[in-house]
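Data file: query11.txt. Format and content: compact mmCIF, C-alpha atoms and all ligand atoms.
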```
# COMPACT_ATOMS: atom_id res chain seq x y z
CA MET A 24 -90.65 -197.96 -51.75
CA THR A 25 -90.38 -201.18 -49.76
CA MET A 26 -91.66 -201.12 -46.20
CA LYS A 27 -89.19 -201.19 -43.34
CA ARG A 28 -89.79 -202.06 -39.70
CA PRO A 29 -89.97 -199.06 -37.30
CA ARG A 30 -86.69 -197.67 -35.97
CA GLY A 31 -85.56 -199.37 -32.78
CA THR A 32 -87.45 -202.60 -33.42
CA ALA A 33 -86.11 -205.95 -34.61
CA ASP A 34 -87.22 -208.99 -36.55
CA VAL A 35 -86.43 -212.42 -35.21
CA THR A 36 -86.00 -214.84 -38.11
CA PRO A 37 -86.26 -218.65 -37.89
CA GLY A 38 -82.46 -218.69 -37.86
CA ASP A 39 -82.39 -216.52 -34.69
CA ILE A 40 -85.26 -218.04 -32.79
CA ALA A 41 -83.30 -220.89 -31.20
CA ARG A 42 -81.24 -218.34 -29.21
CA TRP A 43 -84.42 -216.71 -27.88
CA ARG A 44 -85.96 -220.06 -26.97
CA TYR A 45 -82.71 -221.08 -25.28
CA ILE A 46 -82.85 -218.03 -23.00
CA GLU A 47 -86.58 -218.33 -22.35
CA ASP A 48 -86.33 -222.04 -21.56
CA ILE A 49 -83.60 -221.39 -18.99
CA ALA A 50 -85.65 -218.52 -17.52
CA ARG A 51 -88.71 -220.77 -17.11
CA GLU A 52 -86.59 -223.55 -15.64
CA VAL A 53 -85.03 -221.21 -13.06
CA CYS A 54 -88.43 -219.71 -12.16
CA HIS A 55 -89.72 -223.21 -11.55
CA LEU A 56 -86.71 -224.02 -9.36
CA TYR A 57 -87.33 -220.91 -7.23
CA GLY A 58 -91.12 -221.22 -7.10
CA TYR A 59 -92.06 -218.26 -9.33
CA GLY A 60 -95.24 -218.61 -11.39
CA GLU A 61 -95.35 -217.23 -14.91
CA ILE A 62 -97.81 -214.47 -15.78
CA ILE A 63 -98.77 -212.46 -18.84
CA THR A 64 -100.15 -208.93 -18.50
CA PRO A 65 -101.48 -206.74 -21.31
CA THR A 66 -99.04 -204.94 -23.61
CA MET A 67 -100.92 -201.68 -22.98
CA GLU A 68 -102.18 -200.18 -19.75
CA ASP A 69 -103.92 -197.01 -18.65
CA THR A 70 -101.37 -194.19 -18.88
CA GLU A 71 -102.29 -193.25 -15.32
CA LEU A 72 -100.73 -196.51 -14.03
CA PHE A 73 -97.26 -195.37 -15.05
CA ARG A 74 -97.77 -191.71 -14.14
CA ARG A 75 -98.72 -192.69 -10.61
CA THR A 76 -96.05 -195.35 -10.06
CA VAL A 77 -92.96 -194.80 -12.19
CA GLY A 78 -93.05 -191.12 -11.30
CA GLU A 79 -93.85 -187.90 -13.13
CA THR A 80 -90.24 -186.73 -12.93
CA THR A 81 -88.57 -189.80 -14.38
CA ASP A 82 -87.16 -189.91 -17.91
CA ILE A 83 -89.54 -192.73 -18.68
CA VAL A 84 -92.70 -190.74 -18.03
CA GLU A 85 -91.28 -187.42 -19.20
CA LYS A 86 -89.79 -188.49 -22.53
CA GLU A 87 -89.92 -192.15 -23.31
CA MET A 88 -93.47 -193.48 -23.20
CA TYR A 89 -95.48 -194.53 -26.22
CA THR A 90 -98.72 -192.92 -25.16
CA PHE A 91 -101.76 -192.62 -27.42
CA GLU A 92 -105.47 -192.01 -27.31
CA ASP A 93 -107.68 -194.84 -28.48
CA ARG A 94 -110.81 -194.20 -30.51
CA SER A 95 -112.87 -193.40 -27.47
CA GLY A 96 -110.34 -190.95 -26.09
CA ARG A 97 -108.78 -193.11 -23.36
CA SER A 98 -105.10 -192.48 -22.79
CA LEU A 99 -103.24 -195.77 -23.12
CA THR A 100 -99.51 -196.48 -22.92
CA LEU A 101 -97.44 -199.34 -24.29
CA ARG A 102 -95.86 -200.64 -21.09
CA PRO A 103 -92.38 -199.18 -20.52
CA GLU A 104 -91.59 -201.54 -17.63
CA GLY A 105 -93.02 -204.59 -15.90
CA THR A 106 -93.30 -203.85 -12.20
CA ALA A 107 -96.25 -201.46 -12.20
CA PRO A 108 -98.39 -203.74 -14.44
CA THR A 109 -97.55 -206.72 -12.21
CA ALA A 110 -98.52 -204.76 -9.08
CA ARG A 111 -101.74 -203.68 -10.81
CA MET A 112 -102.47 -207.33 -11.58
CA TYR A 113 -101.68 -208.38 -7.99
CA LEU A 114 -104.44 -206.05 -6.84
CA GLN A 115 -106.95 -206.60 -9.62
CA GLU A 116 -106.70 -210.41 -9.44
CA ASN A 117 -106.92 -210.37 -5.60
CA LEU A 118 -103.58 -212.10 -5.29
CA TYR A 119 -103.19 -210.42 -1.87
CA SER A 120 -105.90 -212.76 -0.56
CA VAL A 121 -103.92 -215.98 -1.19
CA ALA A 122 -100.97 -217.25 0.89
CA GLN A 123 -98.11 -214.73 0.81
CA PRO A 124 -95.59 -214.11 -0.55
CA VAL A 125 -96.83 -214.28 -4.12
CA LYS A 126 -93.96 -214.94 -6.52
CA LEU A 127 -94.54 -213.95 -10.14
CA ALA A 128 -92.43 -213.96 -13.29
CA TYR A 129 -92.75 -212.77 -16.88
CA VAL A 130 -90.59 -214.26 -19.59
CA GLY A 131 -89.66 -212.55 -22.84
CA CYS A 132 -92.44 -209.94 -22.74
CA PRO A 133 -92.12 -206.85 -24.98
CA PHE A 134 -91.65 -203.38 -23.50
CA PHE A 135 -91.51 -200.01 -25.20
CA ARG A 136 -89.45 -196.88 -24.64
CA TYR A 137 -88.82 -194.03 -27.04
CA GLU A 138 -85.03 -193.77 -26.76
CA ARG A 139 -82.18 -193.29 -29.18
CA PRO A 140 -81.64 -196.82 -30.47
CA GLN A 141 -78.17 -198.35 -30.09
CA ALA A 142 -76.67 -201.78 -29.54
CA GLY A 143 -78.66 -203.51 -26.81
CA ARG A 144 -81.05 -200.57 -26.47
CA MET A 145 -84.19 -200.92 -28.54
CA ARG A 146 -87.48 -199.04 -28.63
CA GLU A 147 -89.27 -202.35 -28.44
CA TYR A 148 -87.27 -204.63 -26.20
CA HIS A 149 -87.86 -207.78 -24.20
CA GLN A 150 -87.42 -208.62 -20.58
CA PHE A 151 -87.37 -211.51 -18.19
CA GLY A 152 -88.50 -210.25 -14.80
CA VAL A 153 -89.66 -211.52 -11.43
CA GLU A 154 -91.66 -209.77 -8.70
CA CYS A 155 -92.30 -211.08 -5.19
CA PHE A 156 -95.14 -209.50 -3.20
CA GLY A 157 -95.94 -209.80 0.50
CA SER A 158 -92.67 -210.19 2.39
CA ALA A 159 -90.28 -207.55 3.74
CA ASP A 160 -87.68 -210.20 4.64
CA ALA A 161 -84.20 -209.34 3.30
CA ALA A 162 -83.91 -213.05 2.46
CA VAL A 163 -86.40 -212.45 -0.35
CA ASP A 164 -84.25 -209.62 -1.74
CA ALA A 165 -81.34 -212.06 -1.66
CA GLU A 166 -83.43 -214.79 -3.32
CA VAL A 167 -84.42 -212.47 -6.16
CA ILE A 168 -80.79 -211.45 -6.72
CA ALA A 169 -79.67 -215.08 -6.52
CA LEU A 170 -82.31 -216.05 -9.09
CA ALA A 171 -81.01 -213.42 -11.51
CA CYS A 172 -77.38 -214.49 -11.04
CA ASP A 173 -78.29 -218.17 -11.28
CA PHE A 174 -80.19 -217.55 -14.51
CA LEU A 175 -77.33 -215.58 -16.08
CA HIS A 176 -74.83 -218.23 -15.02
CA ARG A 177 -76.91 -220.99 -16.61
CA THR A 178 -77.01 -219.13 -19.93
CA GLY A 179 -73.22 -219.33 -19.91
CA VAL A 180 -72.36 -215.78 -18.85
CA ASP A 181 -69.80 -215.16 -16.14
CA GLN A 182 -67.64 -212.22 -15.05
CA LEU A 183 -70.75 -210.43 -13.90
CA GLN A 184 -70.55 -207.54 -11.48
CA LEU A 185 -73.23 -207.27 -8.84
CA GLY A 186 -73.73 -203.81 -7.32
CA VAL A 187 -76.07 -203.28 -4.36
CA ASN A 188 -77.19 -200.26 -2.41
CA SER A 189 -79.96 -199.18 -0.07
CA ILE A 190 -81.95 -196.05 -0.72
CA GLY A 191 -83.77 -196.35 2.59
CA CYS A 192 -87.41 -195.78 3.40
CA PRO A 193 -89.41 -192.53 3.05
CA ASP A 194 -88.48 -191.63 6.65
CA CYS A 195 -84.72 -191.78 6.35
CA ARG A 196 -84.65 -190.63 2.74
CA ASN A 197 -86.03 -187.19 3.57
CA ASP A 198 -82.93 -186.26 5.58
CA TYR A 199 -80.76 -187.61 2.80
CA ARG A 200 -82.60 -185.52 0.20
CA GLU A 201 -81.74 -182.41 2.17
CA ALA A 202 -78.10 -183.46 2.47
CA LEU A 203 -77.95 -184.00 -1.29
CA ARG A 204 -79.47 -180.59 -1.96
CA ASP A 205 -76.82 -179.04 0.28
CA HIS A 206 -74.12 -180.88 -1.68
CA PHE A 207 -75.36 -179.88 -5.13
CA GLU A 208 -76.46 -176.34 -4.33
CA PRO A 209 -73.10 -174.64 -5.07
CA HIS A 210 -73.03 -176.40 -8.50
CA LEU A 211 -76.67 -175.88 -9.38
CA GLU A 212 -76.04 -173.66 -12.40
CA GLN A 213 -73.55 -176.08 -13.96
CA LEU A 214 -75.98 -179.02 -13.87
CA CYS A 215 -77.95 -180.07 -16.94
CA VAL A 216 -81.49 -178.72 -17.34
CA ASP A 217 -83.03 -182.02 -16.24
CA CYS A 218 -80.92 -182.13 -13.11
CA GLN A 219 -81.84 -178.58 -12.19
CA ARG A 220 -85.43 -179.72 -12.04
CA ARG A 221 -84.53 -182.98 -10.30
CA TYR A 222 -82.80 -180.89 -7.64
CA GLU A 223 -86.22 -179.62 -6.63
CA VAL A 224 -88.43 -182.66 -7.07
CA ASN A 225 -86.20 -185.72 -6.66
CA PRO A 226 -82.56 -184.98 -5.77
CA LEU A 227 -81.68 -188.70 -5.54
CA ARG A 228 -81.86 -188.80 -9.30
CA LEU A 229 -78.98 -186.30 -9.48
CA LEU A 230 -76.75 -189.25 -8.66
CA ASP A 231 -77.57 -191.32 -11.71
CA CYS A 232 -77.57 -188.61 -14.40
CA LYS A 233 -75.51 -189.99 -17.28
CA ARG A 234 -74.19 -186.57 -18.35
CA GLU A 235 -70.57 -185.87 -17.62
CA GLU A 236 -71.06 -182.38 -16.18
CA CYS A 237 -73.47 -183.81 -13.61
CA GLY A 238 -71.47 -186.97 -12.90
CA ASP A 239 -68.49 -184.83 -11.88
CA LYS A 240 -70.56 -182.91 -9.38
CA ALA A 241 -71.86 -186.13 -7.86
CA ALA A 242 -68.34 -187.07 -6.77
CA GLY A 243 -68.03 -186.69 -3.02
CA ALA A 244 -71.78 -186.48 -2.49
CA PRO A 245 -72.95 -187.84 0.86
CA SER A 246 -73.92 -191.51 0.93
CA MET A 247 -77.42 -192.73 1.65
CA LEU A 248 -75.92 -195.44 3.82
CA GLN A 249 -74.92 -192.82 6.41
CA TYR A 250 -78.54 -191.68 6.62
CA LEU A 251 -80.28 -195.05 6.87
CA CYS A 252 -82.58 -195.42 9.88
CA GLY A 253 -81.95 -198.36 12.21
CA GLU A 254 -84.40 -200.69 10.50
CA CYS A 255 -83.20 -199.90 6.98
CA ALA A 256 -79.56 -200.32 8.04
CA ALA A 257 -80.35 -203.71 9.61
CA HIS A 258 -82.22 -204.78 6.47
CA PHE A 259 -79.26 -203.89 4.27
CA ALA A 260 -76.79 -205.68 6.58
CA GLU A 261 -79.00 -208.78 6.49
CA LEU A 262 -79.19 -208.70 2.72
CA ARG A 263 -75.41 -208.61 2.49
CA GLU A 264 -75.10 -211.53 4.93
CA HIS A 265 -77.49 -213.61 2.82
CA LEU A 266 -75.59 -212.75 -0.37
CA GLU A 267 -72.39 -213.95 1.33
CA ARG A 268 -74.21 -217.10 2.39
CA PHE A 269 -75.27 -217.72 -1.23
CA GLY A 270 -71.71 -217.19 -2.43
CA LEU A 271 -72.62 -214.06 -4.40
CA PRO A 272 -69.76 -211.56 -4.42
CA HIS A 273 -71.03 -207.99 -4.59
CA GLU A 274 -69.94 -204.40 -4.25
CA VAL A 275 -71.77 -201.63 -2.47
CA ASP A 276 -72.31 -198.94 -5.09
CA GLN A 277 -73.45 -195.74 -3.40
CA THR A 278 -74.32 -193.98 -6.65
CA LEU A 279 -76.81 -196.69 -7.46
CA VAL A 280 -80.32 -195.24 -7.02
CA ARG A 281 -82.25 -196.70 -10.01
CA GLY A 282 -84.32 -194.28 -12.04
CA LEU A 283 -87.76 -195.08 -10.68
CA ASP A 284 -89.59 -193.35 -7.87
CA TYR A 285 -91.11 -196.43 -6.31
CA TYR A 286 -87.94 -198.09 -5.04
CA THR A 287 -87.30 -198.41 -1.29
CA ARG A 288 -84.35 -199.95 0.57
CA THR A 289 -82.61 -202.51 -1.68
CA VAL A 290 -81.56 -201.50 -5.19
CA PHE A 291 -79.21 -203.60 -7.31
CA GLU A 292 -77.72 -203.85 -10.76
CA ILE A 293 -75.88 -206.61 -12.57
CA THR A 294 -73.42 -205.31 -15.15
CA HIS A 295 -71.15 -206.88 -17.74
CA HIS A 296 -68.07 -205.23 -19.21
CA THR A 297 -68.89 -206.13 -22.84
CA LEU A 298 -71.90 -203.80 -22.79
CA GLY A 299 -69.77 -200.65 -22.43
CA ALA A 300 -71.24 -197.48 -20.97
CA HIS A 301 -74.79 -198.83 -20.73
CA ASP A 302 -73.57 -201.99 -19.12
CA VAL A 303 -76.59 -202.94 -17.03
CA VAL A 304 -78.09 -206.29 -18.00
CA CYS A 305 -80.34 -206.63 -14.95
CA GLY A 306 -81.67 -204.09 -12.48
CA GLY A 307 -84.12 -204.27 -9.65
CA GLY A 308 -84.90 -203.58 -6.07
CA ARG A 309 -87.48 -203.35 -3.35
CA TYR A 310 -90.62 -201.24 -3.78
CA ASP A 311 -92.56 -201.45 -0.54
CA GLY A 312 -94.69 -198.38 -1.34
CA LEU A 313 -95.90 -199.30 -4.82
CA VAL A 314 -98.99 -201.39 -4.06
CA GLU A 315 -100.26 -198.71 -1.69
CA VAL A 316 -99.82 -196.05 -4.40
CA LEU A 317 -102.17 -198.17 -6.54
CA GLY A 318 -104.81 -198.21 -3.82
CA GLY A 319 -103.95 -201.49 -2.05
CA ASP A 320 -102.88 -202.13 1.53
CA PRO A 321 -99.20 -201.47 2.27
CA THR A 322 -97.43 -204.49 0.74
CA PRO A 323 -93.68 -205.06 0.74
CA ALA A 324 -92.34 -206.28 -2.61
CA VAL A 325 -89.11 -206.80 -4.51
CA GLY A 326 -88.18 -207.74 -8.08
CA PHE A 327 -85.99 -207.22 -11.13
CA GLY A 328 -86.10 -206.78 -14.90
CA LEU A 329 -83.47 -208.32 -17.17
CA GLY A 330 -82.95 -207.27 -20.79
CA ILE A 331 -83.02 -210.15 -23.27
CA GLU A 332 -81.42 -208.15 -26.12
CA ARG A 333 -78.55 -207.12 -23.86
CA LEU A 334 -78.06 -210.68 -22.72
CA LEU A 335 -77.96 -211.86 -26.35
CA LEU A 336 -75.33 -209.20 -27.00
CA ILE A 337 -73.18 -210.51 -24.14
CA LEU A 338 -73.58 -214.11 -25.30
CA GLU A 339 -72.49 -213.03 -28.77
CA GLU A 340 -69.51 -210.96 -27.54
CA GLU A 341 -68.35 -213.79 -25.32
CA GLU A 342 -68.78 -216.24 -28.21
CA ILE A 343 -70.85 -218.54 -26.07
CA GLU A 344 -72.11 -221.37 -28.21
CA LEU A 345 -75.88 -221.31 -28.52
CA PRO A 346 -78.09 -224.04 -29.85
CA SER A 347 -79.13 -223.73 -33.48
CA VAL A 348 -82.51 -224.55 -34.94
CA PRO A 349 -82.89 -228.35 -35.05
CA GLY A 350 -83.00 -229.90 -38.52
CA LEU A 351 -85.72 -232.01 -40.04
CA ASP A 352 -86.23 -235.74 -39.38
CA CYS A 353 -87.33 -236.68 -42.87
CA PHE A 354 -87.63 -235.13 -46.32
CA ILE A 355 -89.90 -236.86 -48.82
CA ILE A 356 -88.64 -236.92 -52.39
CA TYR A 357 -91.15 -237.99 -54.98
CA ILE A 358 -90.79 -238.84 -58.64
CA GLY A 359 -93.87 -238.20 -60.78
CA GLU A 360 -97.44 -237.08 -60.14
CA ASP A 361 -98.72 -240.42 -58.74
CA ALA A 362 -95.89 -240.58 -56.25
CA LYS A 363 -96.62 -237.01 -55.19
CA GLY A 364 -100.09 -237.97 -53.93
CA ALA A 365 -98.71 -240.92 -51.99
CA GLY A 366 -95.85 -238.75 -50.74
CA LEU A 367 -98.22 -236.08 -49.40
CA GLN A 368 -100.21 -238.74 -47.58
CA LEU A 369 -97.02 -240.14 -46.07
CA LEU A 370 -95.98 -236.63 -45.05
CA GLN A 371 -99.08 -236.18 -42.91
CA GLU A 372 -98.76 -239.68 -41.44
CA LEU A 373 -95.20 -238.95 -40.29
CA ARG A 374 -96.15 -235.58 -38.83
CA SER A 375 -99.08 -237.07 -36.94
CA GLU A 376 -96.61 -239.50 -35.33
CA GLY A 377 -94.40 -236.65 -34.17
CA ILE A 378 -91.76 -237.05 -36.88
CA SER A 379 -90.87 -233.71 -38.47
CA ALA A 380 -91.21 -233.97 -42.23
CA ASP A 381 -91.33 -231.80 -45.32
CA THR A 382 -91.41 -232.21 -49.09
CA ASP A 383 -90.90 -230.30 -52.33
CA TYR A 384 -93.54 -227.80 -53.46
CA LEU A 385 -91.74 -226.36 -56.47
CA GLU A 386 -91.70 -229.40 -58.79
CA ARG A 387 -87.94 -229.68 -58.55
CA SER A 388 -86.00 -232.44 -60.25
CA VAL A 389 -85.09 -235.43 -58.08
CA ARG A 390 -81.51 -234.23 -57.94
CA ALA A 391 -82.62 -230.75 -56.80
CA GLN A 392 -84.94 -232.27 -54.19
CA MET A 393 -81.99 -234.27 -52.86
CA ARG A 394 -79.88 -231.12 -52.60
CA PHE A 395 -82.74 -229.33 -50.87
CA ALA A 396 -83.06 -232.17 -48.34
CA ASP A 397 -79.33 -232.02 -47.70
CA ARG A 398 -79.31 -228.27 -47.15
CA TYR A 399 -82.38 -228.35 -44.89
CA PRO A 400 -80.65 -230.26 -43.15
CA SER A 401 -82.70 -233.46 -42.95
CA ARG A 402 -81.51 -236.63 -41.26
CA PHE A 403 -83.32 -238.92 -43.64
CA ALA A 404 -84.79 -238.74 -47.11
CA VAL A 405 -87.58 -240.97 -48.32
CA LEU A 406 -87.60 -241.66 -52.07
CA LEU A 407 -90.88 -242.51 -53.67
CA GLY A 408 -91.15 -243.34 -57.39
CA ALA A 409 -93.26 -245.55 -59.64
CA ASP A 410 -91.27 -248.71 -58.72
CA GLU A 411 -91.64 -248.11 -54.99
CA LEU A 412 -95.33 -247.34 -55.36
CA GLU A 413 -95.94 -250.61 -57.14
CA ALA A 414 -93.94 -252.68 -54.63
CA GLY A 415 -95.53 -250.93 -51.60
CA VAL A 416 -92.14 -249.82 -50.29
CA VAL A 417 -90.08 -246.64 -49.98
CA THR A 418 -86.34 -246.12 -50.28
CA LEU A 419 -85.02 -244.72 -47.01
CA ARG A 420 -81.79 -242.80 -47.34
CA ASP A 421 -79.60 -241.86 -44.38
CA MET A 422 -78.36 -238.40 -45.36
CA SER A 423 -75.30 -238.59 -43.11
CA ASP A 424 -73.63 -241.45 -45.02
CA GLY A 425 -75.80 -241.92 -48.12
CA SER A 426 -76.70 -245.52 -47.23
CA GLN A 427 -80.10 -246.67 -48.52
CA GLN A 428 -82.53 -249.43 -47.67
CA SER A 429 -85.91 -250.51 -48.89
CA VAL A 430 -88.61 -250.29 -46.22
CA PRO A 431 -92.22 -251.47 -46.54
CA ARG A 432 -94.46 -248.40 -46.55
CA ASN A 433 -96.50 -249.49 -43.57
CA GLU A 434 -93.35 -249.93 -41.48
CA LEU A 435 -91.75 -246.59 -42.33
CA THR A 436 -93.25 -244.65 -39.40
CA ALA A 437 -92.03 -247.20 -36.88
CA VAL A 438 -88.56 -247.37 -38.44
CA LEU A 439 -88.21 -243.58 -38.46
CA ARG A 440 -89.60 -243.22 -34.95
CA ASP A 441 -86.91 -245.57 -33.63
CA ALA A 442 -84.20 -243.87 -35.68
CA VAL A 443 -84.90 -240.30 -34.62
CA ARG A 444 -85.31 -241.03 -30.93
ZN ZN B 501 -85.45 -196.12 6.82
ZN ZN B 502 -77.81 -184.06 -15.27
```
What is this structure when it is put down as C-alpha cells?
Ligand SMILES: [Zn+2]
Ligand SMILES: [Zn+2]
Amino acid sequence: MTMKRPRGTADVTPGDIARWRYIEDIAREVCHLYGYGEIITPTMEDTELFRRTVGETTDIVEKEMYTFEDRSGRSLTLRPEGTAPTARMYLQENLYSVAQPVKLAYVGCPFFRYERPQAGRMREYHQFGVECFGSADAAVDAEVIALACDFLHRTGVDQLQLGVNSIGCPDCRNDYREALRDHFEPHLEQLCVDCQRRYEVNPLRLLDCKREECGDKAAGAPSMLQYLCGECAAHFAELREHLERFGLPHEVDQTLVRGLDYYTRTVFEITHHTLGAHDVVCGGGRYDGLVEVLGGDPTPAVGFGLGIERLLLILEEEEIELPSVPGLDCFIIYIGEDAKGAGLQLLQELRSEGISADTDYLERSVRAQMRFADRYPSRFAVLLGADELEAGVVTLRDMSDGSQQSVPRNELTAVLRDAVR
C-alpha cells in the first residue's frame, strides 16, 4: 500500500507555491506598512495554555485539539489558534517592558484542529494573524480591521462583508448572560446537547451555534448592545466612527460573538459569499482579559486570524490571476562527456552570479535536452559541444525566437546577467 498524507492535510507542490508566496509577500508588506513585527512561536504549547485561555467550554478545547503526551508525560497540544501563544510570548519575552503598544504578526503559520475536513476547512491549516498589545484605544481596533481589509484588497479580493459587534466587558456581560438565559429558557429542551450545557456555563455561545434547531431559537434574542455599560458603548461608537473615517463599510451583526472565551468588547468577522455557509475568511476582536489570565498585569489587546486556505479558495473562485512560478534563466545543453564537465562548471558559475540555471542529468539526446529546456520554461539555452569547447565559446540560444549567437565563454555570465535583468 502506498502512503497517503493524513486526512485534512495538504501538500503544496512547486506548481502551487507561487500562490502561497504571493499571499505571504503581501501580508509581510502590509504588516510593514502598519508597523507590525513578524514573530514565530512554537507549533506546540503546553495544553494548559489553551485550557486556560480559549476556554474549557469551547468546541476547540472540548473536541478539536490535537493533544498528546510526550515521552516524559507532559501534555502538549498542537496550537489550534494564534492569540494565546502570542500572549504567552508577550509575557515570557518581557515585551510588556518595552514601549507600548507592541504590534506583532505571524504569517502563514500552521494551526491544527480536529474537524470534519471540507473545502477551506483543514485539520492542518495556515493563518496570517496580527495581535496588538498594550492599548485600549478603539483606534487600534479600527487599525487592526483596516489592516485585514487592506491586505485582502491587495490580494485582489473585493465584495467583502465586514460584520462588527461588541460583547462588552465582564461587568456588562453578566446582565446580558442573565437576559439570554431568560430568552432561551422556554426552549431549553429543544436545543442541541452542546447548547444545553452552554446555557449553564456560557450562554453567549448559544448565539453562534451552527445547528438549525438552535439558530431558530436565537431569533429575537436580546442584543448585547442594549446591555453595554457606558464605557463599552462609547468604545463601540468610537470604533464605528473610525471605520467610517477609514472608508470601511460595515454592518453591526448582533449574533456575532466569536467562539472563544477571551474576547471582550470588539468582535468582528470578514466574510465572502463564495465560501458558502462557513464564509468567514477573517475573524478577530479585543481580548483585554487574556494576558491577566496568563498571569500578567491587565493588558488590553486586539487582533485577528485570517485563513490562508480560505483566501486561496476565494481567489480561485473569483478567478483572480495569481503569479506562477518563474521560469529558468538558462538551461545548459551539452554534447558529449567532455562538454558535460565544462557544462557543469559553467552551471555553477552562472548560479554563483545569481543567474538561475539547470542542465540535463539523464543523458538525454541533444534534441530531448532542447525540448526539456523549452518545457521548463527557460529563457535561454547554452549549447556546448566539442567545437565550442575547442574555440572557447558557447552557442547562446534565445528560446523565445530561436535566434542563436556565439559568445566567448568568459563573457557568457556578463551577457546573461544583462539579458535577464
Ligand atoms: Zn462594559
Ligand atoms: Zn446548539
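Using only C-alpha atoms, the residues found no farther than 10 Å from stretch 75-78 of chain A, other than those of its own chain fewer than 6 positions away, are Val84, Glu85, Pro103, Glu104, Thr106, Ala107, Pro108, Ala110, Asn225, Gly282, Leu283, Asp284, Tyr285, Tyr286, Gly312, Leu313, Val314, Glu315, Val316 and Leu317 of chain A.
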Any chance you could export the current selection's C-alpha atoms as a short mmCIF file (atom, residue, chain, number, x, y, z; two decimals), keeping the file's coordinate frame?
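See again_17.cif below for the written result:
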```
data_model
loop_
_atom_site.label_atom_id
_atom_site.label_comp_id
_atom_site.auth_asym_id
_atom_site.auth_seq_id
_atom_site.Cartn_x
_atom_site.Cartn_y
_atom_site.Cartn_z
CA VAL A 84 -92.70 -190.74 -18.03
CA GLU A 85 -91.28 -187.42 -19.20
CA PRO A 103 -92.38 -199.18 -20.52
CA GLU A 104 -91.59 -201.54 -17.63
CA THR A 106 -93.30 -203.85 -12.20
CA ALA A 107 -96.25 -201.46 -12.20
CA PRO A 108 -98.39 -203.74 -14.44
CA ALA A 110 -98.52 -204.76 -9.08
CA ASN A 225 -86.20 -185.72 -6.66
CA GLY A 282 -84.32 -194.28 -12.04
CA LEU A 283 -87.76 -195.08 -10.68
CA ASP A 284 -89.59 -193.35 -7.87
CA TYR A 285 -91.11 -196.43 -6.31
CA TYR A 286 -87.94 -198.09 -5.04
CA GLY A 312 -94.69 -198.38 -1.34
CA LEU A 313 -95.90 -199.30 -4.82
CA VAL A 314 -98.99 -201.39 -4.06
CA GLU A 315 -100.26 -198.71 -1.69
CA VAL A 316 -99.82 -196.05 -4.40
CA LEU A 317 -102.17 -198.17 -6.54
#
```
- Show me which residues sit within 12 Å of ligand ZN 501 (chain B) when counting all atoms listed in the file, and put them as a list of chain:residue names. A:Ser189, A:Ile190, A:Gly191, A:Cys192, A:Pro193, A:Asp194, A:Cys195, A:Arg196, A:Asn197, A:Asp198, A:Tyr199, A:Met247, A:Leu248, A:Gln249, A:Tyr250, A:Leu251, A:Cys252, A:Gly253, A:Glu254, A:Cys255, A:Ala256, A:Ala257, A:His258, A:Phe259, A:Thr287, A:Arg288, A:Thr289, A:Asp311
- Item | Nearest to ligand ZN 502 (chain B), chosen from A:Arg30, A:His149, A:His55, A:Arg221, with all atoms listed in the file counted in the distances | A:Arg221
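With all atoms listed in the file as the atoms that count, the minimum distance from ligand ZN 502 (chain B) to the choices A:Pro226, A:Gly238, A:Gly243, A:Gly186 is reached by A:Gly238.
As for atom CA of A:Tyr113 and atom CA of A:Phe156, they are spaced 8.2 Å apart.
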